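Visitor: Below is the file protein_30.pdb, with PDB, C-alpha atoms and all ligand atoms.
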```pdb
ATOM      1  CA  MET A   1    -114.533 -50.120-101.068
ATOM      2  CA  TYR A   2    -117.772 -51.276 -99.494
ATOM      3  CA  GLY A   3    -117.223 -48.501 -96.952
ATOM      4  CA  ALA A   4    -117.497 -45.912 -99.714
ATOM      5  CA  VAL A   5    -120.368 -47.707-101.428
ATOM      6  CA  VAL A   6    -122.464 -48.001 -98.275
ATOM      7  CA  GLY A   7    -121.753 -44.346 -97.435
ATOM      8  CA  ASP A   8    -123.016 -43.397-100.887
ATOM      9  CA  ILE A   9    -126.174 -45.499-100.532
ATOM     10  CA  VAL A  10    -127.008 -44.155 -97.067
ATOM     11  CA  GLY A  11    -126.279 -40.597 -98.218
ATOM     12  CA  SER A  12    -128.329 -40.913-101.420
ATOM     13  CA  TYR A  13    -131.607 -40.084 -99.713
ATOM     14  CA  TYR A  14    -130.169 -37.255 -97.625
ATOM     15  CA  GLU A  15    -128.541 -35.500-100.543
ATOM     16  CA  TRP A  16    -132.079 -34.470-101.506
ATOM     17  CA  HIS A  17    -133.428 -34.310 -97.950
ATOM     18  CA  ASN A  18    -130.548 -32.659 -96.107
ATOM     19  CA  ILE A  19    -130.527 -33.055 -92.345
ATOM     20  CA  LYS A  20    -128.409 -31.487 -89.630
ATOM     21  CA  THR A  21    -128.592 -34.299 -87.089
ATOM     22  CA  GLU A  22    -126.944 -37.694 -86.596
ATOM     23  CA  ASP A  23    -130.209 -39.256 -85.533
ATOM     24  CA  PHE A  24    -131.780 -40.726 -88.684
ATOM     25  CA  GLU A  25    -132.633 -44.000 -90.397
ATOM     26  CA  LEU A  26    -129.649 -45.313 -92.341
ATOM     27  CA  PHE A  27    -131.762 -46.955 -95.024
ATOM     28  CA  SER A  28    -135.118 -46.054 -96.504
ATOM     29  CA  SER A  29    -137.168 -47.338 -99.433
ATOM     30  CA  GLU A  30    -135.548 -44.558-101.473
ATOM     31  CA  SER A  31    -131.925 -45.446-100.682
ATOM     32  CA  HIS A  32    -129.980 -46.342-103.806
ATOM     33  CA  PHE A  33    -126.454 -46.381-105.182
ATOM     34  CA  THR A  34    -125.380 -43.310-107.149
ATOM     35  CA  ASP A  35    -122.497 -42.145-109.357
ATOM     36  CA  ASP A  36    -120.074 -42.418-106.422
ATOM     37  CA  THR A  37    -120.613 -46.187-106.270
ATOM     38  CA  VAL A  38    -120.606 -46.582-110.050
ATOM     39  CA  LEU A  39    -117.238 -44.866-110.461
ATOM     40  CA  THR A  40    -115.742 -46.510-107.389
ATOM     41  CA  CYS A  41    -116.473 -49.795-109.172
ATOM     42  CA  ALA A  42    -114.992 -48.423-112.416
ATOM     43  CA  ILE A  43    -111.687 -47.625-110.697
ATOM     44  CA  ALA A  44    -111.693 -50.979-108.888
ATOM     45  CA  GLU A  45    -112.280 -52.900-112.108
ATOM     46  CA  SER A  46    -109.525 -50.957-113.898
ATOM     47  CA  ILE A  47    -107.095 -52.049-111.200
ATOM     48  CA  LEU A  48    -108.381 -55.625-111.117
ATOM     49  CA  ASN A  49    -107.963 -56.043-114.847
ATOM     50  CA  MET A  50    -104.692 -54.192-115.315
ATOM     51  CA  GLY A  51    -102.818 -55.494-112.295
ATOM     52  CA  LYS A  52    -100.365 -53.089-110.810
ATOM     53  CA  SER A  53     -99.999 -49.924-112.820
ATOM     54  CA  VAL A  54    -103.069 -48.616-114.616
ATOM     55  CA  PRO A  55    -102.601 -46.277-117.597
ATOM     56  CA  ARG A  56    -104.693 -43.083-117.617
ATOM     57  CA  LYS A  57    -106.525 -44.155-120.774
ATOM     58  CA  CYS A  58    -107.575 -47.357-119.111
ATOM     59  CA  TYR A  59    -109.132 -45.525-116.154
ATOM     60  CA  ALA A  60    -110.920 -43.217-118.595
ATOM     61  CA  THR A  61    -112.191 -46.150-120.655
ATOM     62  CA  TYR A  62    -113.635 -47.946-117.635
ATOM     63  CA  ILE A  63    -115.140 -44.708-116.320
ATOM     64  CA  LYS A  64    -116.899 -44.191-119.644
ATOM     65  CA  ALA A  65    -118.046 -47.802-119.837
ATOM     66  CA  TYR A  66    -119.544 -47.608-116.348
ATOM     67  CA  TYR A  67    -121.266 -44.353-117.176
ATOM     68  CA  LYS A  68    -122.852 -46.012-120.195
ATOM     69  CA  ARG A  69    -124.058 -48.897-118.045
ATOM     70  CA  TYR A  70    -125.568 -46.598-115.369
ATOM     71  CA  PRO A  71    -126.268 -43.268-117.070
ATOM     72  CA  TYR A  72    -129.024 -42.318-114.620
ATOM     73  CA  ALA A  73    -127.012 -42.803-111.443
ATOM     74  CA  GLY A  74    -126.834 -39.072-110.714
ATOM     75  CA  PHE A  75    -123.936 -37.857-112.817
ATOM     76  CA  GLY A  76    -123.407 -34.115-113.209
ATOM     77  CA  GLN A  77    -123.926 -32.475-116.586
ATOM     78  CA  MET A  78    -120.268 -31.605-117.091
ATOM     79  CA  PHE A  79    -119.239 -35.203-116.498
ATOM     80  CA  LYS A  80    -122.005 -36.474-118.808
ATOM     81  CA  ASN A  81    -120.768 -34.268-121.627
ATOM     82  CA  TRP A  82    -117.302 -35.724-121.200
ATOM     83  CA  ALA A  83    -118.524 -39.312-120.935
ATOM     84  CA  GLU A  84    -120.792 -39.105-123.979
ATOM     85  CA  ASP A  85    -118.084 -37.693-126.241
ATOM     86  CA  GLU A  86    -116.844 -40.266-128.781
ATOM     87  CA  GLU A  87    -113.265 -39.179-128.124
ATOM     88  CA  ILE A  88    -111.500 -39.305-124.781
ATOM     89  CA  THR A  89    -110.930 -35.620-124.107
ATOM     90  CA  VAL A  90    -109.315 -33.785-121.197
ATOM     91  CA  GLN A  91    -111.644 -31.990-118.816
ATOM     92  CA  ARG A  92    -110.498 -29.764-115.957
ATOM     93  CA  SER A  93    -113.237 -30.109-113.372
ATOM     94  CA  TYR A  94    -112.501 -29.107-109.774
ATOM     95  CA  GLY A  95    -115.465 -31.140-108.552
ATOM     96  CA  ASN A  96    -115.389 -33.816-105.868
ATOM     97  CA  GLY A  97    -116.035 -36.542-108.461
ATOM     98  CA  ALA A  98    -112.308 -37.255-108.520
ATOM     99  CA  ALA A  99    -112.111 -37.778-104.751
ATOM    100  CA  MET A 100    -115.269 -39.849-104.329
ATOM    101  CA  ARG A 101    -114.068 -42.752-106.473
ATOM    102  CA  VAL A 102    -110.418 -43.342-105.436
ATOM    103  CA  SER A 103    -110.648 -45.578-102.381
ATOM    104  CA  ALA A 104    -109.541 -48.631-104.416
ATOM    105  CA  ILE A 105    -106.259 -46.883-105.221
ATOM    106  CA  GLY A 106    -105.521 -46.514-101.511
ATOM    107  CA  TRP A 107    -105.994 -50.265-101.135
ATOM    108  CA  ALA A 108    -104.226 -51.638-104.175
ATOM    109  CA  PHE A 109    -100.886 -49.862-104.226
ATOM    110  CA  GLU A 110     -98.008 -50.414-101.901
ATOM    111  CA  SER A 111     -96.296 -47.053-101.571
ATOM    112  CA  GLU A 112     -97.436 -43.470-101.157
ATOM    113  CA  LYS A 113     -95.617 -42.623-104.363
ATOM    114  CA  GLU A 114     -97.601 -45.178-106.357
ATOM    115  CA  VAL A 115    -100.872 -44.065-104.761
ATOM    116  CA  LEU A 116    -100.178 -40.435-105.720
ATOM    117  CA  LYS A 117     -99.247 -41.434-109.258
ATOM    118  CA  GLN A 118    -102.310 -43.620-109.756
ATOM    119  CA  VAL A 119    -104.650 -40.934-108.458
ATOM    120  CA  TYR A 120    -103.127 -38.547-110.985
ATOM    121  CA  GLU A 121    -103.686 -41.072-113.767
ATOM    122  CA  SER A 122    -107.283 -41.616-112.667
ATOM    123  CA  CYS A 123    -107.899 -37.850-112.691
ATOM    124  CA  TYR A 124    -106.110 -37.095-115.931
ATOM    125  CA  TYR A 125    -109.013 -37.024-118.362
ATOM    126  CA  THR A 126    -111.883 -35.901-116.149
ATOM    127  CA  HIS A 127    -110.273 -33.735-113.451
ATOM    128  CA  LYS A 128    -107.004 -32.361-114.789
ATOM    129  CA  ASN A 129    -107.163 -29.630-112.205
ATOM    130  CA  ARG A 130    -104.822 -28.951-109.276
ATOM    131  CA  GLU A 131    -107.585 -28.686-106.710
ATOM    132  CA  ALA A 132    -109.362 -31.887-107.760
ATOM    133  CA  ILE A 133    -106.126 -33.865-107.921
ATOM    134  CA  ARG A 134    -104.896 -32.554-104.565
ATOM    135  CA  TYR A 135    -108.048 -33.568-102.700
ATOM    136  CA  ALA A 136    -108.418 -36.895-104.499
ATOM    137  CA  ARG A 137    -104.837 -37.671-103.513
ATOM    138  CA  ALA A 138    -105.579 -36.723 -99.906
ATOM    139  CA  VAL A 139    -108.472 -39.192 -99.799
ATOM    140  CA  ALA A 140    -106.482 -42.065-101.312
ATOM    141  CA  ILE A 141    -103.523 -41.386 -99.001
ATOM    142  CA  ALA A 142    -105.900 -41.368 -96.017
ATOM    143  CA  VAL A 143    -107.209 -44.804 -97.048
ATOM    144  CA  PHE A 144    -103.650 -46.015 -97.597
ATOM    145  CA  LEU A 145    -102.391 -44.811 -94.189
ATOM    146  CA  ALA A 146    -105.517 -46.057 -92.407
ATOM    147  CA  ARG A 147    -105.139 -49.559 -93.776
ATOM    148  CA  LYS A 148    -101.450 -49.510 -92.874
ATOM    149  CA  GLY A 149    -102.477 -48.960 -89.257
ATOM    150  CA  MET A 150    -101.394 -45.336 -88.833
ATOM    151  CA  ASP A 151    -103.297 -43.481 -86.127
ATOM    152  CA  LYS A 152    -105.556 -40.499 -86.676
ATOM    153  CA  THR A 153    -103.089 -37.943 -85.327
ATOM    154  CA  TYR A 154    -100.502 -39.113 -87.837
ATOM    155  CA  ILE A 155    -102.979 -39.149 -90.731
ATOM    156  CA  LYS A 156    -104.282 -35.667 -89.900
ATOM    157  CA  LYS A 157    -100.786 -34.148 -89.651
ATOM    158  CA  LYS A 158     -99.817 -35.798 -92.908
ATOM    159  CA  LEU A 159    -102.856 -34.432 -94.770
ATOM    160  CA  GLU A 160    -102.352 -30.960 -93.304
ATOM    161  CA  ARG A 161     -98.694 -30.926 -94.231
ATOM    162  CA  ASP A 162     -98.708 -32.637 -97.637
ATOM    163  CA  PHE A 163    -101.962 -31.271 -99.013
ATOM    164  CA  GLY A 164    -102.374 -28.022 -97.089
ATOM    165  CA  ILE A 165    -105.787 -29.046 -95.754
ATOM    166  CA  LYS A 166    -107.172 -27.050 -92.841
ATOM    167  CA  PHE A 167    -109.679 -29.130 -90.927
ATOM    168  CA  LYS A 168    -112.505 -27.469 -89.024
ATOM    169  CA  PRO A 169    -114.791 -29.167 -86.489
ATOM    170  CA  ILE A 170    -118.093 -30.301 -88.039
ATOM    171  CA  GLU A 171    -119.904 -28.655 -85.109
ATOM    172  CA  GLN A 172    -118.490 -25.292 -86.197
ATOM    173  CA  ILE A 173    -119.430 -25.447 -89.861
ATOM    174  CA  ARG A 174    -122.636 -27.510 -89.876
ATOM    175  CA  ALA A 175    -125.201 -24.722 -89.489
ATOM    176  CA  GLY A 176    -124.027 -22.762 -92.510
ATOM    177  CA  TYR A 177    -123.001 -25.731 -94.653
ATOM    178  CA  GLU A 178    -124.704 -25.927 -98.040
ATOM    179  CA  PHE A 179    -124.560 -28.012-101.188
ATOM    180  CA  ASN A 180    -121.384 -27.395-103.154
ATOM    181  CA  SER A 181    -119.603 -30.185-104.974
ATOM    182  CA  ARG A 182    -116.341 -28.291-105.301
ATOM    183  CA  SER A 183    -113.455 -30.422-103.945
ATOM    184  CA  LYS A 184    -112.088 -27.908-101.460
ATOM    185  CA  TYR A 185    -115.528 -27.334 -99.985
ATOM    186  CA  SER A 186    -116.672 -30.929 -99.584
ATOM    187  CA  VAL A 187    -113.593 -33.127 -99.161
ATOM    188  CA  PRO A 188    -112.052 -31.660 -95.947
ATOM    189  CA  PRO A 189    -115.279 -31.975 -93.892
ATOM    190  CA  ALA A 190    -115.752 -35.538 -95.178
ATOM    191  CA  ILE A 191    -112.322 -36.477 -93.825
ATOM    192  CA  GLU A 192    -112.999 -34.481 -90.651
ATOM    193  CA  ALA A 193    -116.124 -36.603 -90.021
ATOM    194  CA  PHE A 194    -113.814 -39.620 -89.950
ATOM    195  CA  PHE A 195    -111.381 -37.947 -87.521
ATOM    196  CA  GLU A 196    -114.163 -36.977 -85.112
ATOM    197  CA  THR A 197    -115.834 -40.379 -84.726
ATOM    198  CA  ASP A 198    -114.942 -43.799 -83.357
ATOM    199  CA  ASP A 199    -116.588 -46.355 -85.625
ATOM    200  CA  TYR A 200    -117.921 -46.778 -89.143
ATOM    201  CA  GLU A 201    -121.552 -46.061 -88.403
ATOM    202  CA  SER A 202    -120.989 -42.915 -86.362
ATOM    203  CA  CYS A 203    -118.611 -41.693 -89.065
ATOM    204  CA  ILE A 204    -121.205 -41.797 -91.830
ATOM    205  CA  ARG A 205    -123.828 -40.352 -89.480
ATOM    206  CA  ARG A 206    -121.529 -37.428 -88.713
ATOM    207  CA  ALA A 207    -120.741 -36.990 -92.418
ATOM    208  CA  ILE A 208    -124.418 -36.891 -93.395
ATOM    209  CA  SER A 209    -125.327 -34.586 -90.516
ATOM    210  CA  LEU A 210    -123.345 -31.883 -92.266
ATOM    211  CA  GLY A 211    -125.883 -31.622 -95.084
ATOM    212  CA  GLY A 212    -124.745 -30.633 -98.580
ATOM    213  CA  ASP A 213    -123.543 -33.291-101.023
ATOM    214  CA  SER A 214    -124.363 -36.075 -98.559
ATOM    215  CA  ASP A 215    -123.799 -39.165-100.700
ATOM    216  CA  THR A 216    -120.349 -38.044-101.785
ATOM    217  CA  ILE A 217    -119.317 -36.786 -98.347
ATOM    218  CA  ALA A 218    -120.428 -40.079 -96.775
ATOM    219  CA  ALA A 219    -118.741 -42.101 -99.543
ATOM    220  CA  ILE A 220    -115.409 -40.352 -98.905
ATOM    221  CA  ALA A 221    -115.701 -40.597 -95.119
ATOM    222  CA  GLY A 222    -116.936 -44.202 -95.311
ATOM    223  CA  GLY A 223    -114.101 -45.341 -97.538
ATOM    224  CA  ILE A 224    -111.526 -44.088 -95.043
ATOM    225  CA  ALA A 225    -113.465 -45.386 -92.023
ATOM    226  CA  GLU A 226    -113.651 -48.876 -93.518
ATOM    227  CA  ALA A 227    -109.874 -48.935 -93.943
ATOM    228  CA  TYR A 228    -109.279 -47.636 -90.425
ATOM    229  CA  TYR A 229    -111.797 -49.767 -88.496
ATOM    230  CA  GLY A 230    -111.262 -52.916 -90.528
ATOM    231  CA  GLY A 231    -114.532 -53.116 -92.421
ATOM    232  CA  VAL A 232    -118.188 -52.202 -92.412
ATOM    233  CA  PRO A 233    -120.388 -53.781 -89.687
ATOM    234  CA  ASP A 234    -122.213 -56.819 -91.131
ATOM    235  CA  ASP A 235    -125.784 -55.637 -90.613
ATOM    236  CA  ILE A 236    -125.109 -52.345 -92.420
ATOM    237  CA  LEU A 237    -123.002 -54.022 -95.087
ATOM    238  CA  ASN A 238    -125.692 -56.563 -95.919
ATOM    239  CA  LYS A 239    -128.387 -53.919 -96.277
ATOM    240  CA  GLY A 240    -126.097 -51.983 -98.602
ATOM    241  CA  LYS A 241    -125.215 -55.043-100.687
ATOM    242  CA  PHE A 242    -128.889 -55.787-101.155
ATOM    243  CA  LEU A 243    -129.175 -52.529-103.119
ATOM    244  CA  LEU A 244    -126.324 -53.307-105.540
ATOM    245  CA  ASP A 245    -126.574 -55.300-108.732
ATOM    246  CA  GLY A 246    -124.711 -58.547-109.405
ATOM    247  CA  GLY A 247    -122.064 -56.976-111.625
ATOM    248  CA  MET A 248    -121.060 -54.442-109.007
ATOM    249  CA  LYS A 249    -120.927 -57.012-106.245
ATOM    250  CA  LYS A 250    -118.755 -59.261-108.399
ATOM    251  CA  VAL A 251    -116.202 -56.476-108.915
ATOM    252  CA  LEU A 252    -116.276 -55.359-105.284
ATOM    253  CA  ASN A 253    -115.989 -58.921-103.996
ATOM    254  CA  GLU A 254    -113.120 -59.781-106.339
ATOM    255  CA  PHE A 255    -111.347 -56.596-105.373
ATOM    256  CA  SER A 256    -111.867 -57.313-101.679
ATOM    257  CA  GLU A 257    -110.573 -60.868-102.105
ATOM    258  CA  ARG A 258    -107.446 -59.689-103.860
ATOM    259  CA  TYR A 259    -106.553 -56.509-102.018
ATOM    260  CA  ILE A 260    -108.448 -56.181 -98.766
ATOM    261  CA  LYS A 261    -108.516 -59.562 -97.025
TER     262      LYS A 261
HETATM  263 MG    MG A 301    -123.708 -39.195-106.028
END
```
Could I get this file's structure written as structure tokens?
Ligand SMILES: [Mg+2]

Guide:
Amino acid sequence: MYGAVVGDIVGSYYEWHNIKTEDFELFSSESHFTDDTVLTCAIAESILNMGKSVPRKCYATYIKAYYKRYPYAGFGQMFKNWAEDEEITVQRSYGNGAAMRVSAIGWAFESEKEVLKQVYESCYYTHKNREAIRYARAVAIAVFLARKGMDKTYIKKKLERDFGIKFKPIEQIRAGYEFNSRSKYSVPPAIEAFFETDDYESCIRRAISLGGDSDTIAAIAGGIAEAYYGGVPDDILNKGKFLLDGGMKKVLNEFSERYIK
């Protein structure tokens, strides 16, 4: 959870100032949490309050409530239209917004089947789209397998086989990589950044060095890296926490207490 949040915060500056190197300051005076953090908290609070199985309407209700609390966190126009509607409608976005917020599902549920089901429920109203659901599921399953202690070779094979993902080395795609928040464009390289590196910090550096939708790519990579390496290093974690508000920290801490420790 904090792995995704810190990835989002570090990436927030570089989304608007794309870089193609891993040598950069993690935090600046302009670093801030964005929609990725807000909706990660929304999913976490849904799970905290509902216990085991969360109905799709509950995810949608929390997602809307969090949007209303943080409407200027960087949400896309399509999502805003959905969130501001009085009714809960079904939207079919293929954007990476579904994948960026699901790390809590990988932590809270105890079988792959439940993880897949809960991701579907979380996607139902905002991303009822095969591409968005497939990649969001891949991210949550990666978190799930990482926290269960599976190694990278196993996780990679599983994602290739179950979700048809073809991973390409970051080195090969970096130069021509541009901003595109479509799931199939931004989720595989985010996961690849995790495969290619050996600790949390180098993972988010590699993710951001790609350019493009940096906060989301780093949030996805960071969420998996946290599960695999057993947390976020304290110095980085504390700087990230400093940029969150009390309500978010309360949810993230409660979630960590219940599901991560
Ligand atoms: Mg964002």

Visitor: I need the residue nearest Arg205 of chain A from this list: A:Tyr70, A:Ala193, A:Tyr124, A:Glu114. Use all atoms listed in the file for the distance.

Guide: A:Ala193

Visitor: If the limit is 7 Å from any atom of ligand MG 301 (chain A), counting only C-alpha atoms and all ligand atoms, which residues qualify? Return them as a ChimeraX atom specification.

Guide: /A:8,12,34-36,74-75,215-216

Visitor: With a cut-off of 8 Å, could you pull out the residues of segment 14-84 of chain A touching segment 229-247 of chain A and give me the nearest pair of atoms for each, distance in Å to one decimal, using only C-alpha atoms, ordered by chain and ascending number, as CSV?

Guide:
```
residue,atom,partner,partner_atom,distance
A:Phe27,CA,A:Lys239,CA,7.8
A:Ser31,CA,A:Leu243,CA,8.0
A:His32,CA,A:Leu243,CA,6.3
A:Phe33,CA,A:Leu244,CA,6.9
```

Visitor: Hey, which of A:Pro169, A:Gly164, A:Gly51, A:Gly222 ends up closest to Ala138 of chain A? Count all atoms listed in the file.

Guide: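 Under the stated criterion, the closest residue is A:Gly164.
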
Visitor: Record the distance separating atom CA of Gly7 of chain A and atom CA of Ala42 of chain A, expressed in Å with one decimal.

Guide: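 Pair atom CA of Gly7 of chain A / atom CA of Ala42 of chain A returns 16.9 Å.
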
Visitor: Would you mind telling me which residue in A:Thr126, A:Thr61, A:Ser186, A:Ser93 lies nearest to Ala207 of chain A when using only C-alpha atoms?

Guide: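 For Ala207 of chain A, the nearest of the given residues is A:Ser186.
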
Visitor: So how far away is atom CA of Ser122 of chain A from atom CA of Met78 of chain A, in Å?

Guide: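 Pair atom CA of Met78 of chain A / atom CA of Ser122 of chain A returns 17.0 Å.
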
Visitor: Have a look at A:Tyr125, A:Tyr135, A:Phe167, A:Phe255 and name the one nearest to Gly95 of chain A; count all atoms listed in the file.

Guide: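 Smallest distance to Gly95 of chain A is found for A:Tyr135.
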
Visitor: List, as a PDB file with C-alpha atoms, keeping the file's coordinate frame, every residue that the PyMOL selection byres (((chain A and resi 150-158) around 10) and not hetatm) selects in the file provided.

Guide:
```
ATOM      1  CA  ALA A 138    -105.579 -36.723 -99.906  1.00  0.00           C
ATOM      2  CA  ILE A 141    -103.523 -41.386 -99.001  1.00  0.00           C
ATOM      3  CA  ALA A 142    -105.900 -41.368 -96.017  1.00  0.00           C
ATOM      4  CA  VAL A 143    -107.209 -44.804 -97.048  1.00  0.00           C
ATOM      5  CA  PHE A 144    -103.650 -46.015 -97.597  1.00  0.00           C
ATOM      6  CA  LEU A 145    -102.391 -44.811 -94.189  1.00  0.00           C
ATOM      7  CA  ALA A 146    -105.517 -46.057 -92.407  1.00  0.00           C
ATOM      8  CA  ARG A 147    -105.139 -49.559 -93.776  1.00  0.00           C
ATOM      9  CA  LYS A 148    -101.450 -49.510 -92.874  1.00  0.00           C
ATOM     10  CA  GLY A 149    -102.477 -48.960 -89.257  1.00  0.00           C
ATOM     11  CA  LEU A 159    -102.856 -34.432 -94.770  1.00  0.00           C
ATOM     12  CA  GLU A 160    -102.352 -30.960 -93.304  1.00  0.00           C
ATOM     13  CA  ARG A 161     -98.694 -30.926 -94.231  1.00  0.00           C
ATOM     14  CA  ASP A 162     -98.708 -32.637 -97.637  1.00  0.00           C
ATOM     15  CA  PHE A 163    -101.962 -31.271 -99.013  1.00  0.00           C
ATOM     16  CA  GLY A 164    -102.374 -28.022 -97.089  1.00  0.00           C
ATOM     17  CA  ILE A 165    -105.787 -29.046 -95.754  1.00  0.00           C
ATOM     18  CA  LYS A 166    -107.172 -27.050 -92.841  1.00  0.00           C
ATOM     19  CA  PHE A 167    -109.679 -29.130 -90.927  1.00  0.00           C
ATOM     20  CA  ILE A 191    -112.322 -36.477 -93.825  1.00  0.00           C
ATOM     21  CA  GLU A 192    -112.999 -34.481 -90.651  1.00  0.00           C
ATOM     22  CA  PHE A 194    -113.814 -39.620 -89.950  1.00  0.00           C
ATOM     23  CA  PHE A 195    -111.381 -37.947 -87.521  1.00  0.00           C
ATOM     24  CA  GLU A 196    -114.163 -36.977 -85.112  1.00  0.00           C
ATOM     25  CA  TYR A 228    -109.279 -47.636 -90.425  1.00  0.00           C
TER      26      TYR A 228
END
```

Visitor: For Asp85 of chain A, please output as a VMD selection string all residues within 12 Å (counting all atoms listed in the file; exclusion window: fewer than 3 positions along the same chain).

Guide: chain A and resid 60 to 61 64 to 65 67 to 68 78 to 82 88 to 91 126

Visitor: I'd like the neighbourhood of Asn253 of chain A as a list in words, where a residue qualifies if any of its atoms comes within 10 Å (using all atoms listed in the file), though same-chain residues fewer than 6 positions away should be ignored.

Guide: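 The filter keeps Met1, Tyr2, Gly247, Tyr259 and Ile260 of chain A.
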
Visitor: Using only C-alpha atoms, what residues lie at most 12 Å away from (-98.1, -47.3, -102.1) (file coordinates), given as a short mmCIF file (atom, residue, chain, number, x, y, z; two decimals) with C-alpha atoms, keeping the file's coordinate frame?

Guide:
```cif
data_model
loop_
_atom_site.label_atom_id
_atom_site.label_comp_id
_atom_site.auth_asym_id
_atom_site.auth_seq_id
_atom_site.Cartn_x
_atom_site.Cartn_y
_atom_site.Cartn_z
CA LYS A 52 -100.36 -53.09 -110.81
CA SER A 53 -100.00 -49.92 -112.82
CA ALA A 104 -109.54 -48.63 -104.42
CA ILE A 105 -106.26 -46.88 -105.22
CA GLY A 106 -105.52 -46.51 -101.51
CA TRP A 107 -105.99 -50.26 -101.14
CA ALA A 108 -104.23 -51.64 -104.18
CA PHE A 109 -100.89 -49.86 -104.23
CA GLU A 110 -98.01 -50.41 -101.90
CA SER A 111 -96.30 -47.05 -101.57
CA GLU A 112 -97.44 -43.47 -101.16
CA LYS A 113 -95.62 -42.62 -104.36
CA GLU A 114 -97.60 -45.18 -106.36
CA VAL A 115 -100.87 -44.06 -104.76
CA LEU A 116 -100.18 -40.44 -105.72
CA LYS A 117 -99.25 -41.43 -109.26
CA GLN A 118 -102.31 -43.62 -109.76
CA VAL A 119 -104.65 -40.93 -108.46
CA ARG A 137 -104.84 -37.67 -103.51
CA ALA A 140 -106.48 -42.06 -101.31
CA ILE A 141 -103.52 -41.39 -99.00
CA ALA A 142 -105.90 -41.37 -96.02
CA VAL A 143 -107.21 -44.80 -97.05
CA PHE A 144 -103.65 -46.02 -97.60
CA LEU A 145 -102.39 -44.81 -94.19
CA ARG A 147 -105.14 -49.56 -93.78
CA LYS A 148 -101.45 -49.51 -92.87
#
```

Visitor: Which distance in Å separates atom CA of Tyr177 of chain A and atom CA of Val10 of chain A, to one decimal?

Guide: 19.0 Å

Visitor: Please report, as JSON, the centre and edge lengths in Å to one decimal of an axis-aligned box covering all listed atoms of segment 171-181 of chain A with 5 Å per side.

Guide:
```
{"center_x": -121.8, "center_y": -26.5, "center_z": -95.0, "size_x": 16.7, "size_y": 17.4, "size_z": 29.9}
```

Visitor: In the coordinate frame of the file, compute which residues have an atom within 12 Å of (-109.2, -56.3, -114.2) when using only C-alpha atoms, and state them as a list in words.

Guide: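 With a cut-off of 12 Å, the residues come to Cys41, Ala42, Ile43, Ala44, Glu45, Ser46, Ile47, Leu48, Asn49, Met50, Gly51, Lys52, Ser53, Val54, Cys58, Tyr59, Tyr62, Lys250, Val251, Leu252, Glu254, Phe255 and Arg258 of chain A.
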
Visitor: Go through A:Ile204, A:Arg92, A:Gly97, A:Glu25 and flag the residue nearest Gly76 of chain A, using only C-alpha atoms for the distances.

Guide: A:Gly97

Visitor: Looking at only C-alpha atoms, which of A:Val6, A:Ile19, A:Ala221, A:Ala136 is the one that sits closest to Arg174 of chain A?

Guide: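 Residue with the minimum atom-to-atom distance to Arg174 of chain A: A:Ile19.
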
Visitor: Using the chain letters and numbers from the file, which residues does the PyMOL selection byres (((chain A and resi 183) around 12) and not hetatm) grab, as an MDAnalysis selection string?

Guide: chainID A and resid 93:100 127 129:139 165 179:182 184:191 213 216:217 220

Visitor: Write the selection just made, keeping C-alpha atoms, as a compact mmCIF listing (two decimals), keeping the file's coordinate frame?

Guide:
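Result went into part01.txt, see below:
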```txt
# COMPACT_ATOMS: atom_id res chain seq x y z
CA SER A 93 -113.24 -30.11 -113.37
CA TYR A 94 -112.50 -29.11 -109.77
CA GLY A 95 -115.46 -31.14 -108.55
CA ASN A 96 -115.39 -33.82 -105.87
CA GLY A 97 -116.04 -36.54 -108.46
CA ALA A 98 -112.31 -37.26 -108.52
CA ALA A 99 -112.11 -37.78 -104.75
CA MET A 100 -115.27 -39.85 -104.33
CA HIS A 127 -110.27 -33.74 -113.45
CA ASN A 129 -107.16 -29.63 -112.20
CA ARG A 130 -104.82 -28.95 -109.28
CA GLU A 131 -107.58 -28.69 -106.71
CA ALA A 132 -109.36 -31.89 -107.76
CA ILE A 133 -106.13 -33.86 -107.92
CA ARG A 134 -104.90 -32.55 -104.56
CA TYR A 135 -108.05 -33.57 -102.70
CA ALA A 136 -108.42 -36.90 -104.50
CA ARG A 137 -104.84 -37.67 -103.51
CA ALA A 138 -105.58 -36.72 -99.91
CA VAL A 139 -108.47 -39.19 -99.80
CA ILE A 165 -105.79 -29.05 -95.75
CA PHE A 179 -124.56 -28.01 -101.19
CA ASN A 180 -121.38 -27.40 -103.15
CA SER A 181 -119.60 -30.18 -104.97
CA ARG A 182 -116.34 -28.29 -105.30
CA LYS A 184 -112.09 -27.91 -101.46
CA TYR A 185 -115.53 -27.33 -99.98
CA SER A 186 -116.67 -30.93 -99.58
CA VAL A 187 -113.59 -33.13 -99.16
CA PRO A 188 -112.05 -31.66 -95.95
CA PRO A 189 -115.28 -31.98 -93.89
CA ALA A 190 -115.75 -35.54 -95.18
CA ILE A 191 -112.32 -36.48 -93.82
CA ASP A 213 -123.54 -33.29 -101.02
CA THR A 216 -120.35 -38.04 -101.78
CA ILE A 217 -119.32 -36.79 -98.35
CA ILE A 220 -115.41 -40.35 -98.90
```
